[in-house]
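File shown here: start_10.csv, holding CSV, C-alpha atoms and all ligand atoms.
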chain,number,residue,atom,x,y,z
A,1,MET,CA,0.0,0.0,0.0
A,2,THR,CA,1.4,3.5,-0.7
A,3,GLY,CA,0.3,6.8,0.7
A,4,ALA,CA,-3.2,8.0,0.1
A,5,ALA,CA,-3.8,5.1,-2.2
A,6,GLY,CA,-2.8,2.8,0.6
A,7,ALA,CA,-5.1,4.5,3.1
A,8,ALA,CA,-7.9,4.5,0.6
A,9,LEU,CA,-7.3,0.9,-0.2
A,10,CYS,CA,-7.3,-0.2,3.4
A,11,GLY,CA,-9.9,2.1,4.6
A,12,ALA,CA,-8.9,5.2,6.6
A,13,LEU,CA,-11.5,4.3,9.2
A,14,GLY,CA,-10.2,2.5,12.3
A,15,ALA,CA,-11.2,-1.0,13.1
A,16,GLY,CA,-14.8,-1.2,14.1
A,17,ALA,CA,-15.1,2.6,13.5
A,18,THR,CA,-18.4,3.9,12.5
A,19,LYS,CA,-17.8,7.5,13.4
A,20,ALA,CA,-17.0,10.5,11.2
A,21,ALA,CA,-15.1,9.6,8.1
A,22,ARG,CA,-11.6,10.9,7.7
A,23,ALA,CA,-10.2,12.9,4.7
A,24,VAL,CA,-9.3,9.8,2.8
A,25,PRO,CA,-12.5,7.9,2.0
A,26,ALA,CA,-12.4,4.2,2.7
A,27,LEU,CA,-13.2,1.9,-0.1
A,28,PRO,CA,-16.5,0.3,0.8
A,29,ASP,CA,-15.2,-3.2,1.4
A,30,ALA,CA,-11.5,-2.7,2.1
A,31,VAL,CA,-10.0,-4.1,5.3
A,32,PRO,CA,-8.0,-1.5,7.2
A,33,PHE,CA,-4.3,-2.3,7.6
A,34,GLY,CA,-2.1,-1.0,10.4
A,35,ALA,CA,0.8,-1.7,12.7
A,36,ALA,CA,2.0,-1.4,16.2
A,37,VAL,CA,4.2,1.6,16.7
A,38,ARG,CA,6.9,2.6,19.2
A,39,PRO,CA,6.0,6.0,20.5
A,40,MET,CA,9.5,7.3,20.9
A,41,LEU,CA,10.3,6.6,17.2
A,42,LEU,CA,7.3,8.6,15.9
A,43,GLY,CA,8.5,12.0,14.9
A,44,ASP,CA,12.1,11.3,16.0
A,45,ASP,CA,12.9,8.7,13.3
A,46,ALA,CA,11.9,10.2,9.9
A,47,ASP,CA,12.3,6.9,8.0
A,48,TYR,CA,10.2,5.1,10.6
A,49,SER,CA,7.5,7.7,10.6
A,50,ALA,CA,7.4,7.8,6.8
A,51,ALA,CA,7.1,4.1,6.5
A,52,VAL,CA,4.2,4.1,9.0
A,53,ARG,CA,2.4,6.9,7.1
A,54,ARG,CA,3.1,5.2,3.7
A,55,HIS,CA,1.6,1.8,4.6
A,56,CYS,CA,-0.8,2.2,7.5
A,57,SER,CA,-4.3,3.6,8.0
A,58,LEU,CA,-4.5,2.4,11.6
A,59,LEU,CA,-2.1,2.3,14.5
A,60,VAL,CA,-1.8,0.6,17.9
A,61,PRO,CA,0.7,1.6,20.5
A,62,GLU,CA,3.2,-1.2,21.0
A,63,GLY,CA,3.9,0.4,24.4
A,64,GLY,CA,2.3,3.5,26.0
A,65,LEU,CA,-1.2,2.3,26.9
A,66,LYS,CA,-0.2,-0.5,29.2
A,67,TRP,CA,-0.3,-0.2,33.0
A,68,PHE,CA,3.5,-0.4,33.2
A,69,ASP,CA,3.8,2.7,30.9
A,70,LEU,CA,0.8,4.7,32.3
A,71,ARG,CA,0.9,4.0,36.0
A,72,PRO,CA,4.3,4.6,37.7
A,73,THR,CA,2.5,4.8,41.0
A,74,PRO,CA,-1.1,4.3,42.2
A,75,THR,CA,-1.8,8.0,42.0
A,76,VAL,CA,0.3,9.1,39.1
A,77,TYR,CA,-0.6,8.7,35.4
A,78,ASN,CA,2.0,9.2,32.7
A,79,PHE,CA,0.3,9.9,29.4
A,80,ASP,CA,3.4,11.0,27.5
A,81,LEU,CA,4.0,7.9,25.3
A,82,ALA,CA,0.3,7.4,24.5
A,83,ASP,CA,-0.1,11.1,23.7
A,84,ARG,CA,2.7,10.9,21.2
A,85,VAL,CA,0.9,8.1,19.3
A,86,MET,CA,-2.4,10.0,19.4
A,87,ARG,CA,-0.8,13.2,18.1
A,88,PHE,CA,0.9,11.4,15.3
A,89,ALA,CA,-2.3,9.5,14.4
A,90,ALA,CA,-4.3,12.7,14.4
A,91,ASP,CA,-1.8,14.5,12.3
A,92,SER,CA,-1.6,11.6,9.9
A,93,ASN,CA,-5.3,11.0,9.5
A,94,MET,CA,-5.1,7.5,11.0
A,95,GLY,CA,-7.3,5.5,13.3
A,96,VAL,CA,-6.0,4.1,16.6
A,97,ARG,CA,-6.6,0.8,18.5
A,98,GLY,CA,-6.3,0.8,22.3
A,99,HIS,CA,-4.0,-1.9,23.7
A,100,THR,CA,-4.7,-2.8,26.4
A,101,LEU,CA,-6.9,-1.9,29.3
A,102,VAL,CA,-6.7,-5.1,31.4
A,103,TRP,CA,-3.9,-7.7,31.1
A,104,HIS,CA,-1.8,-9.9,33.4
A,105,GLY,CA,1.3,-8.5,31.7
A,106,ALA,CA,3.3,-5.3,31.9
A,107,MET,CA,2.0,-4.5,35.3
A,108,PRO,CA,3.9,-2.1,37.5
A,109,GLU,CA,5.4,-3.4,40.8
A,110,TRP,CA,2.9,-1.6,43.0
A,111,THR,CA,-0.1,-3.5,41.6
A,112,SER,CA,1.2,-6.5,43.7
A,113,GLU,CA,-0.4,-4.6,46.6
A,114,ILE,CA,-3.8,-5.1,45.1
A,115,THR,CA,-5.0,-8.0,47.2
A,116,SER,CA,-8.7,-7.3,48.1
A,117,THR,CA,-11.7,-7.6,45.8
A,118,ALA,CA,-12.8,-4.1,46.7
A,119,ARG,CA,-9.4,-2.6,45.8
A,120,ALA,CA,-9.1,-4.5,42.6
A,121,GLU,CA,-12.6,-3.4,41.5
A,122,THR,CA,-11.8,0.2,42.2
A,123,GLU,CA,-8.4,0.1,40.6
A,124,MET,CA,-9.7,-1.5,37.4
A,125,ARG,CA,-12.7,0.7,37.1
A,126,THR,CA,-10.8,3.9,37.7
A,127,HIS,CA,-8.1,2.9,35.2
A,128,ILE,CA,-10.6,2.1,32.5
A,129,GLU,CA,-12.6,5.3,33.1
A,130,THR,CA,-9.5,7.4,33.1
A,131,ILE,CA,-7.9,6.0,30.0
A,132,MET,CA,-11.1,5.7,27.9
A,133,GLY,CA,-12.1,9.2,29.2
A,134,ARG,CA,-8.8,10.7,27.8
A,135,TYR,CA,-8.6,8.8,24.5
A,136,GLY,CA,-12.1,7.5,23.8
A,137,SER,CA,-12.9,10.2,21.3
A,138,GLN,CA,-10.0,9.0,19.1
A,139,ILE,CA,-9.8,5.3,19.9
A,140,GLU,CA,-12.6,3.3,18.4
A,141,SER,CA,-11.5,-0.2,19.1
A,142,TRP,CA,-10.1,-1.5,22.5
A,143,ASP,CA,-8.4,-4.6,23.6
A,144,VAL,CA,-10.4,-4.5,26.8
A,145,VAL,CA,-9.0,-7.8,28.1
A,146,ASN,CA,-5.7,-9.2,26.8
A,147,GLU,CA,-4.6,-12.8,27.0
A,148,PRO,CA,-7.1,-14.1,29.6
A,149,ILE,CA,-6.4,-17.7,28.8
A,150,SER,CA,-3.8,-19.7,30.7
A,151,THR,CA,-0.4,-20.0,29.1
A,152,ASP,CA,0.6,-23.0,31.3
A,153,PHE,CA,-2.0,-25.7,31.2
A,154,SER,CA,-0.1,-27.6,33.9
A,155,LYS,CA,-1.2,-24.8,36.2
A,156,SER,CA,-4.7,-24.0,34.8
A,157,ASP,CA,-6.6,-25.3,31.9
A,158,TYR,CA,-8.7,-22.2,31.6
A,159,LEU,CA,-7.8,-18.7,32.9
A,160,GLN,CA,-4.4,-17.1,33.3
A,161,PRO,CA,-3.6,-16.6,37.0
A,162,CYS,CA,-3.2,-12.8,37.6
A,163,VAL,CA,-4.0,-10.1,40.1
A,164,TRP,CA,-7.4,-9.7,38.6
A,165,LEU,CA,-8.3,-13.4,38.7
A,166,HIS,CA,-6.9,-13.8,42.3
A,167,THR,CA,-9.0,-10.9,43.6
A,168,MET,CA,-12.1,-10.8,41.5
A,169,GLY,CA,-12.4,-14.3,40.1
A,170,GLU,CA,-13.5,-14.9,36.5
A,171,ASP,CA,-15.9,-12.0,36.9
A,172,TYR,CA,-13.0,-9.6,36.3
A,173,ILE,CA,-13.4,-10.1,32.5
A,174,GLU,CA,-17.1,-9.3,32.5
A,175,GLN,CA,-16.6,-6.3,34.8
A,176,ALA,CA,-13.9,-4.9,32.5
A,177,LEU,CA,-16.2,-5.2,29.5
A,178,ARG,CA,-19.2,-3.7,31.3
A,179,THR,CA,-17.1,-0.8,32.5
A,180,ALA,CA,-15.8,-0.1,29.0
A,181,ARG,CA,-19.3,-0.3,27.5
A,182,ALA,CA,-20.7,2.1,30.1
A,183,ILE,CA,-18.1,4.7,29.0
A,184,SER,CA,-18.4,4.1,25.2
A,185,PRO,CA,-21.7,2.8,23.8
A,186,THR,CA,-20.1,2.5,20.3
A,187,ALA,CA,-16.5,1.4,20.6
A,188,GLN,CA,-15.5,-2.0,19.4
A,189,LEU,CA,-14.8,-4.0,22.6
A,190,VAL,CA,-12.3,-6.8,22.0
A,191,VAL,CA,-11.1,-9.9,23.9
A,192,ASN,CA,-7.5,-10.4,22.5
A,193,GLU,CA,-5.6,-13.7,22.6
A,194,TYR,CA,-2.6,-15.4,21.1
A,195,GLY,CA,-1.7,-19.0,20.2
A,196,ILE,CA,-5.0,-19.8,18.6
A,197,GLU,CA,-4.0,-20.5,15.0
A,198,ALA,CA,-1.5,-23.4,15.0
A,199,ALA,CA,-1.9,-27.2,14.4
A,200,ASN,CA,-0.5,-28.2,17.8
A,201,ALA,CA,-1.8,-29.3,21.2
A,202,GLU,CA,-1.4,-25.9,22.8
A,203,SER,CA,-3.5,-24.2,20.2
A,204,VAL,CA,-6.2,-26.9,20.4
A,205,ARG,CA,-6.4,-26.3,24.2
A,206,LYS,CA,-6.4,-22.5,23.9
A,207,ARG,CA,-9.1,-22.5,21.3
A,208,ALA,CA,-11.3,-24.7,23.5
A,209,ALA,CA,-10.6,-22.6,26.6
A,210,LEU,CA,-11.3,-19.3,24.8
A,211,LEU,CA,-14.5,-20.7,23.4
A,212,LYS,CA,-15.6,-21.7,26.9
A,213,LEU,CA,-14.9,-18.1,28.1
A,214,LEU,CA,-16.6,-16.5,25.2
A,215,ARG,CA,-19.7,-18.7,25.6
A,216,ARG,CA,-19.9,-17.9,29.3
A,217,LEU,CA,-19.6,-14.1,28.6
A,218,LYS,CA,-22.3,-14.4,26.0
A,219,GLU,CA,-24.6,-16.3,28.3
A,220,ARG,CA,-24.2,-13.6,30.9
A,221,GLY,CA,-24.9,-10.9,28.3
A,222,ALA,CA,-21.4,-9.3,28.7
A,223,PRO,CA,-21.0,-6.5,26.2
A,224,PHE,CA,-18.3,-7.2,23.7
A,225,ASP,CA,-18.0,-7.2,19.9
A,226,ALA,CA,-15.0,-9.1,18.7
A,227,VAL,CA,-12.2,-11.4,19.3
A,228,GLY,CA,-8.6,-10.3,18.5
A,229,LEU,CA,-6.4,-13.0,17.1
A,230,GLN,CA,-2.9,-11.8,17.8
A,231,CYS,CA,-1.4,-14.1,15.2
A,232,HIS,CA,2.2,-14.3,16.4
A,233,LEU,CA,2.8,-17.1,14.0
A,234,HIS,CA,5.8,-19.5,14.0
A,235,GLY,CA,7.2,-20.0,10.6
A,236,GLU,CA,7.7,-23.7,11.1
A,237,ARG,CA,4.2,-24.4,12.5
A,238,PRO,CA,1.4,-25.0,9.9
A,239,ILE,CA,-1.9,-23.2,10.4
A,240,ASP,CA,-4.6,-25.6,11.7
A,241,ARG,CA,-6.9,-24.8,8.8
A,242,ASP,CA,-9.8,-27.0,9.9
A,243,GLY,CA,-9.4,-26.2,13.6
A,244,LEU,CA,-9.1,-22.5,13.0
A,245,ALA,CA,-12.0,-22.5,10.5
A,246,ALA,CA,-14.2,-24.3,13.1
A,247,PHE,CA,-13.2,-21.9,15.8
A,248,LEU,CA,-14.0,-18.9,13.5
A,249,SER,CA,-17.4,-20.5,12.6
A,250,GLU,CA,-18.2,-20.6,16.4
A,251,LEU,CA,-17.4,-16.9,16.6
A,252,ALA,CA,-19.6,-16.1,13.7
A,253,ALA,CA,-22.4,-18.1,15.3
A,254,MET,CA,-22.0,-15.9,18.4
A,255,LYS,CA,-22.2,-12.9,16.1
A,256,LEU,CA,-18.6,-11.9,17.1
A,257,ASP,CA,-16.4,-10.1,14.7
A,258,VAL,CA,-12.7,-11.0,14.4
A,259,LEU,CA,-9.6,-9.0,13.8
A,260,VAL,CA,-5.9,-9.7,13.4
A,261,THR,CA,-4.3,-7.6,16.0
A,262,GLU,CA,-0.5,-8.4,16.2
A,263,LEU,CA,0.5,-10.3,13.1
A,264,ASP,CA,4.1,-11.3,12.7
A,265,VAL,CA,6.0,-14.5,11.9
A,266,ILE,CA,8.6,-15.8,14.3
A,267,ASP,CA,11.3,-17.1,12.1
A,268,ASP,CA,14.0,-18.5,14.4
A,269,LYS,CA,13.5,-22.0,13.1
A,270,LEU,CA,13.4,-21.0,9.4
A,271,PRO,CA,16.3,-21.2,6.9
A,272,GLY,CA,18.8,-18.3,7.0
A,273,ASP,CA,18.6,-17.4,3.3
A,274,PHE,CA,16.5,-14.3,3.0
A,275,ALA,CA,14.6,-15.2,-0.2
A,276,THR,CA,13.7,-18.7,1.2
A,277,ARG,CA,12.8,-17.3,4.6
A,278,ASP,CA,10.7,-14.4,3.3
A,279,ALA,CA,8.8,-16.8,1.0
A,280,ALA,CA,8.1,-19.2,3.8
A,281,ILE,CA,6.9,-16.3,6.0
A,282,ALA,CA,4.6,-14.9,3.2
A,283,GLY,CA,3.3,-18.5,2.7
A,284,ARG,CA,2.4,-18.8,6.4
A,285,VAL,CA,0.5,-15.4,6.4
A,286,ASP,CA,-1.3,-16.5,3.2
A,287,GLU,CA,-2.4,-19.7,4.9
A,288,LEU,CA,-3.7,-17.8,7.9
A,289,LEU,CA,-5.6,-15.1,5.9
A,290,GLU,CA,-7.0,-17.6,3.4
A,291,THR,CA,-8.4,-19.6,6.3
A,292,LEU,CA,-9.7,-16.5,8.0
A,293,PHE,CA,-11.3,-14.9,5.0
A,294,ALA,CA,-13.0,-18.2,4.0
A,295,VAL,CA,-15.1,-17.9,7.2
A,296,GLN,CA,-15.3,-14.2,7.9
A,297,ARG,CA,-13.6,-11.0,6.9
A,298,PRO,CA,-11.6,-9.4,9.7
A,299,THR,CA,-12.5,-5.8,10.7
A,300,ALA,CA,-8.8,-5.0,10.5
A,301,ILE,CA,-5.4,-6.5,10.0
A,302,LEU,CA,-2.5,-5.1,12.1
A,303,THR,CA,1.1,-6.3,12.3
A,304,TRP,CA,3.1,-6.1,15.5
A,305,GLY,CA,5.5,-3.5,14.0
A,306,ILE,CA,6.1,-2.4,10.5
A,307,SER,CA,9.8,-3.1,10.0
A,308,ASP,CA,12.2,-5.8,11.0
A,309,ARG,CA,14.4,-3.0,12.4
A,310,HIS,CA,12.0,-2.7,15.4
A,311,THR,CA,10.5,-5.9,16.6
A,312,TRP,CA,10.0,-7.7,19.9
A,313,VAL,CA,10.8,-11.1,18.3
A,314,PRO,CA,14.6,-11.3,19.1
A,315,MET,CA,13.7,-10.6,22.8
A,316,TYR,CA,12.7,-14.3,23.0
A,317,PHE,CA,13.5,-15.9,19.6
A,318,LYS,CA,16.9,-14.7,18.5
A,319,ARG,CA,18.2,-16.7,15.6
A,320,GLY,CA,21.1,-19.1,16.1
A,321,ASP,CA,22.8,-18.0,12.9
A,322,GLY,CA,23.1,-14.5,14.2
A,323,THR,CA,21.0,-13.0,11.3
A,324,ARG,CA,18.3,-10.5,12.1
A,325,ASN,CA,14.8,-11.9,12.5
A,326,ARG,CA,12.5,-11.0,9.5
A,327,PRO,CA,9.0,-11.2,11.0
A,328,LEU,CA,7.4,-8.1,9.6
A,329,PRO,CA,6.1,-6.6,6.2
A,330,LEU,CA,9.1,-4.3,5.7
A,331,ASP,CA,12.8,-5.2,6.0
A,332,GLU,CA,15.2,-3.3,8.3
A,333,ASN,CA,15.6,-0.7,5.5
A,334,TYR,CA,11.8,-0.2,5.2
A,335,GLN,CA,11.7,-2.1,1.9
A,336,PRO,CA,8.6,-4.2,1.2
A,337,LYS,CA,8.8,-8.0,1.5
A,338,PRO,CA,6.6,-10.7,0.1
A,339,MET,CA,4.6,-10.7,3.4
A,340,LEU,CA,3.4,-7.2,2.6
A,341,ARG,CA,2.2,-8.2,-0.9
A,342,VAL,CA,0.1,-11.0,0.7
A,343,ILE,CA,-1.5,-8.7,3.2
A,344,GLU,CA,-2.3,-6.2,0.4
A,345,ARG,CA,-4.0,-8.9,-1.6
A,346,TYR,CA,-6.3,-9.7,1.3
A,347,CYS,CA,-7.0,-6.1,2.2
A,348,ARG,CA,-8.4,-5.6,-1.3
A,349,ARG,CA,-10.8,-8.6,-1.0
A,401,LIG,O1,11.2,1.6,28.1
A,401,LIG,C1,12.1,0.8,28.9
A,401,LIG,C2,13.5,1.3,29.0
A,401,LIG,O2,13.5,2.6,29.6
A,401,LIG,C3,14.4,0.4,29.8
A,401,LIG,O3,15.7,0.8,29.7
A,401,LIG,C4,14.3,-1.0,29.1
A,401,LIG,C5,15.2,-2.0,29.9
A,401,LIG,O4,14.4,-3.0,30.5
A,401,LIG,O5,12.9,-1.4,29.2
A,401,LIG,C6,12.1,-0.6,28.4
A,401,LIG,O6,10.7,-1.1,28.5
A,401,LIG,C7,10.5,-2.3,27.7
A,401,LIG,C8,9.3,-2.0,26.7
A,401,LIG,O7,9.0,-3.2,26.0
A,401,LIG,C9,9.6,-0.9,25.8
A,401,LIG,O8,10.6,-1.3,24.9
A,401,LIG,C10,10.1,-3.4,28.7
A,401,LIG,O9,11.2,-3.7,29.4
A,401,LIG,C11,9.7,-4.6,27.8
A,401,LIG,O10,9.2,-5.6,28.7
A,401,LIG,C12,8.6,-4.2,26.9
A,401,LIG,O11,8.3,-5.4,26.1
A,401,LIG,C13,7.0,-5.3,25.4
A,401,LIG,C14,6.1,-6.4,25.9
A,401,LIG,O12,4.9,-6.4,25.1
A,401,LIG,C15,5.7,-6.2,27.3
A,401,LIG,O13,4.9,-5.0,27.4
A,401,LIG,C16,7.3,-5.5,23.9
A,401,LIG,O14,8.0,-4.3,23.4
A,401,LIG,C17,6.0,-5.6,23.1
A,401,LIG,O15,6.3,-6.0,21.7
A,401,LIG,C18,5.2,-6.8,23.7
A,401,LIG,O16,4.0,-6.8,23.0
A,401,LIG,C19,3.1,-7.9,23.4
A,401,LIG,C20,1.7,-7.4,23.4
A,401,LIG,O17,1.6,-6.3,24.3
A,401,LIG,C21,0.7,-8.5,23.8
A,401,LIG,N1,0.9,-9.7,22.9
A,401,LIG,C22,2.3,-10.2,22.8
A,401,LIG,C23,3.2,-9.1,22.4
A,401,LIG,C24,4.6,-9.6,22.2
A,401,LIG,O18,5.1,-10.0,23.5

As a first step, turn the structure in this file into C-alpha cells.
Ligand code: G3I
Amino acid sequence: MTGAAGAALCGALGAGATKAARAVPALPDAVPFGAAVRPMLLGDDADYSAAVRRHCSLLVPEGGLKWFDLRPTPTVYNFDLADRVMRFAADSNMGVRGHTLVWHGAMPEWTSEITSTARAETEMRTHIETIMGRYGSQIESWDVVNEPISTDFSKSDYLQPCVWLHTMGEDYIEQALRTARAISPTAQLVVNEYGIEAANAESVRKRAALLKLLRRLKERGAPFDAVGLQCHLHGERPIDRDGLAAFLSELAAMKLDVLVTELDVIDDKLPGDFATRDAAIAGRVDELLETLFAVQRPTAILTWGISDRHTWVPMYFKRGDGTRNRPLPLDENYQPKPMLRVIERYCRR
C-alpha cells in the first residue's frame, strides 16, 4: 500500500469505526491495515514515521497504553507515550486501537499490593474510566482484556492466573467489559488472545478454553463485539486450517467479529537465506488469511510492528545463525517484502 492510495485501499477508518469519516475515504469493502508503533520513534525517526504513514491507515501503541507505561505509582498517570501516538495519528489521519486496558502482563510493581476484591474493582474501574475518558474520542477499538487464557496448562486449563483473577475471580473479565461499554456505547470492545492458529496441542487447548470463556460471557450478556487474534505465527508451524475454521465459525455463530491484532511470523527456526525465509513467512501469512477470509472478513489487520528494524521477536526468539529476524512486512531498510504483498492482496478482498 502506498500513501493516500494505501489508506484509501485499506480504509482510513479505524477497526470497528463507524464515526466520522476521515479525509481519505475508505473503499466500501476494504479491510483497514495498520501496525503497532513505538511512541519514541514517531516524529524522531523520519524513515520510521514515513514508512508508517506510507503503509498504514491504523495504529496501535506497542507500548504506552499498558499499566507499566501509564501508571508509575497508584496515584500518578504518565500519558506522554500514548499522547505521542495519538498526536501522530491525528496529524496523519489514522485510526488508533487501544492496547490494552486489562492484562496480566506489563503491570507495575505496586499492583502486587492489590489483594482485596474491593481494591481490585476500584483500581480496574478507575483505570478504564481514566484511559477511555482521555482517549475515547480517538480510539474506536479497544483490547479491553488481553490474553485471559492460561499460558501454562499444567497450572490452569482455563484462565491465566493474575492479580485480577486472584482478587475478582472470573468476573473480572465481564466487569472490565461492562465498565468499558458504560463509557463508550459505540467502541469495538475486543477480547484479545494469542496461540490460537496453529496445528498443535497448545492451540487446540487454547481454542477450547477461549470458546468456553466467550460462551460464558455471551450467556451472561457481557457487552463485547469481537475477538482479536494476535497471530504471532511461528514459521515452522502449519496453520490448523480445519481447527481454526471451526473456531471462526463458532465466533460467527456468536455474532462476534474477528480482527488480526498483532501479526508477525517468528522465524527463528526457518532457513537463513532471506529469499527462502521471506517466501516461507509470506506463505504462512497467506495460509492464515486464506483460512480466516473463507469464514469471515476481519474488521482490521494489524502487524506487530512495520519493519524488521524494530520488533520484539529477538527478545525471545533470537536466531542461532546471528542474522536478524525478519517477522514483519518491511525489512530493516523499510523495503517491502513478500509478506506485505500477501497482506495487500487480502486487504483488497
Ligand atoms: O522503556 C524501557 C526502557 O526505559 C528500559 O531501559 C528498558 C530496559 O528494560 O525497558 C524498556 O521497556 C521495555 C518496553 O517493551 C519498551 O521497549 C520493557 O522492558 C519490555 O518488557 C517491553 O516489552 C514489550 C512487551 O509487550 C511487554 O509490554 C514489547 O516491546 C512488546 O512488543 C510486547 O507486546 C506484546 C503485546 O503487548 C501482547 N501480545 C504479545 C506481544 C509480544 O510479546

Checklist entry - So which residues are near ligand LIG 401 (chain A), meaning at most 7 Å away with all atoms listed in the file counted, given back as an MDAnalysis selection string? => result chainID A and resid 62:63 105:106 194 230 262 304 311:312

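For the residues A:Asp278, A:Asp321, A:Asp267, A:Glu202, ranking by smallest atom-to-atom distance to A:Phe153 using only C-alpha atoms places A:Glu202 first.
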
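Excluding A:Leu177 and any residue on its chain fewer than 2 positions from it, the residues at most 7 Å away by all atoms listed in the file are Val144, Ile173, Glu174, Gln175, Thr179, Ala180, Arg181, Ala222, Pro223 and Phe224 of chain A.
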
Checklist entry - How would you write as a ChimeraX atom specification the residues that get within 12 Å of (-8.4, 7.1, 31.3) in the file's frame, counting only C-alpha atoms? => result /A:65-67,70-71,76-79,82-83,98,100-101,123-137,139,179-180,183

Item to check | Among the residues A:Gly305, A:Pro32, A:Gly272, A:Gly283, the one that comes closest to A:Gly322 [using only C-alpha atoms] | outcome: A:Gly272

Item to check | Nearest to A:Thr111, chosen from A:Tyr334, A:Tyr48, A:Trp164, A:Phe317, with all atoms listed in the file counted in the distances | outcome: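 Among A:Tyr334, A:Tyr48, A:Trp164, A:Phe317, it is A:Trp164 that comes nearest to A:Thr111.
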
Checklist entry - Looking at all atoms listed in the file, which of A:Ala120, A:Leu217, A:Leu229, A:Ala280 is the one that sits closest to A:Phe247? => result A:Leu229

Checklist entry - So how many Å separate atom CA of A:Thr117 and atom CA of A:Ile149, to one decimal? => result 20.5 Å

Checklist entry - Hey, which of A:His310, A:Arg237, A:Arg297, A:Arg178 ends up closest to A:Arg348? Count all atoms listed in the file. => result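 Counting all atoms listed in the file, the residue closest to A:Arg348 is A:Arg297.
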
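The coordinates place atom CA of A:Leu233 at 24.2 Å from atom CA of A:Pro39.
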
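Atom pair atom CA of A:Arg216 / atom CA of A:Glu170: separated by 10.1 Å.
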
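Minimum atom-to-atom distances from A:Pro185, A:Pro271, A:Gly195, A:Pro72 to A:Asp225 were compared using all atoms listed in the file, and the lowest value belongs to A:Pro185.
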
Checklist entry - Excluding same-chain residues fewer than 3 positions from A:Asp308, what lies within 8 Å of it counting only C-alpha atoms, as a PyMOL selection string? => result chain A and resi 305+311+324-332

Checklist entry - Which neighbours of A:Ser112 fall inside 12 Å, counting all atoms listed in the file, when residues of the same chain fewer than 2 positions from it are skipped, and could you give them as an NGL selection string? => result :A and (73-74 or 104 or 107-110 or 114-116 or 119-120 or 162-164 or 166-167)

Have stretch 68-85 of chain A completed to N, CA and C atoms, please, and pass it along as a CSV table (one decimal), keeping the file's coordinate frame.
chain,number,residue,atom,x,y,z
A,68,PHE,N,2.1,-0.6,32.8
A,68,PHE,CA,3.5,-0.4,33.2
A,68,PHE,C,3.9,1.0,32.7
A,69,ASP,N,3.4,1.4,31.5
A,69,ASP,CA,3.8,2.7,30.9
A,69,ASP,C,3.0,3.9,31.6
A,70,LEU,N,1.7,3.6,31.9
A,70,LEU,CA,0.8,4.7,32.3
A,70,LEU,C,0.9,5.0,33.8
A,71,ARG,N,1.2,3.9,34.6
A,71,ARG,CA,0.9,4.0,36.0
A,71,ARG,C,2.2,3.8,36.8
A,72,PRO,N,3.1,4.8,36.9
A,72,PRO,CA,4.3,4.6,37.7
A,72,PRO,C,4.0,4.4,39.2
A,73,THR,N,2.9,5.0,39.6
A,73,THR,CA,2.5,4.8,41.0
A,73,THR,C,1.0,4.8,41.1
A,74,PRO,N,0.4,4.4,42.2
A,74,PRO,CA,-1.1,4.3,42.2
A,74,PRO,C,-1.8,5.6,42.0
A,75,THR,N,-1.1,6.7,42.2
A,75,THR,CA,-1.8,8.0,42.0
A,75,THR,C,-1.3,8.8,40.8
A,76,VAL,N,-0.2,8.3,40.2
A,76,VAL,CA,0.3,9.1,39.1
A,76,VAL,C,0.1,8.4,37.7
A,77,TYR,N,-0.5,9.2,36.8
A,77,TYR,CA,-0.6,8.7,35.4
A,77,TYR,C,0.4,9.4,34.5
A,78,ASN,N,1.1,8.6,33.6
A,78,ASN,CA,2.0,9.2,32.7
A,78,ASN,C,1.5,9.0,31.3
A,79,PHE,N,1.0,10.0,30.7
A,79,PHE,CA,0.3,9.9,29.4
A,79,PHE,C,1.3,10.2,28.2
A,80,ASP,N,2.5,10.5,28.5
A,80,ASP,CA,3.4,11.0,27.5
A,80,ASP,C,3.5,10.1,26.3
A,81,LEU,N,3.8,8.8,26.5
A,81,LEU,CA,4.0,7.9,25.3
A,81,LEU,C,2.7,7.8,24.5
A,82,ALA,N,1.6,7.6,25.2
A,82,ALA,CA,0.3,7.4,24.5
A,82,ALA,C,0.0,8.7,23.7
A,83,ASP,N,0.2,9.9,24.4
A,83,ASP,CA,-0.1,11.1,23.7
A,83,ASP,C,0.7,11.3,22.4
A,84,ARG,N,1.9,10.8,22.4
A,84,ARG,CA,2.7,10.9,21.2
A,84,ARG,C,2.1,10.2,20.0
A,85,VAL,N,1.6,9.0,20.4
A,85,VAL,CA,0.9,8.1,19.3
A,85,VAL,C,-0.4,8.8,18.9
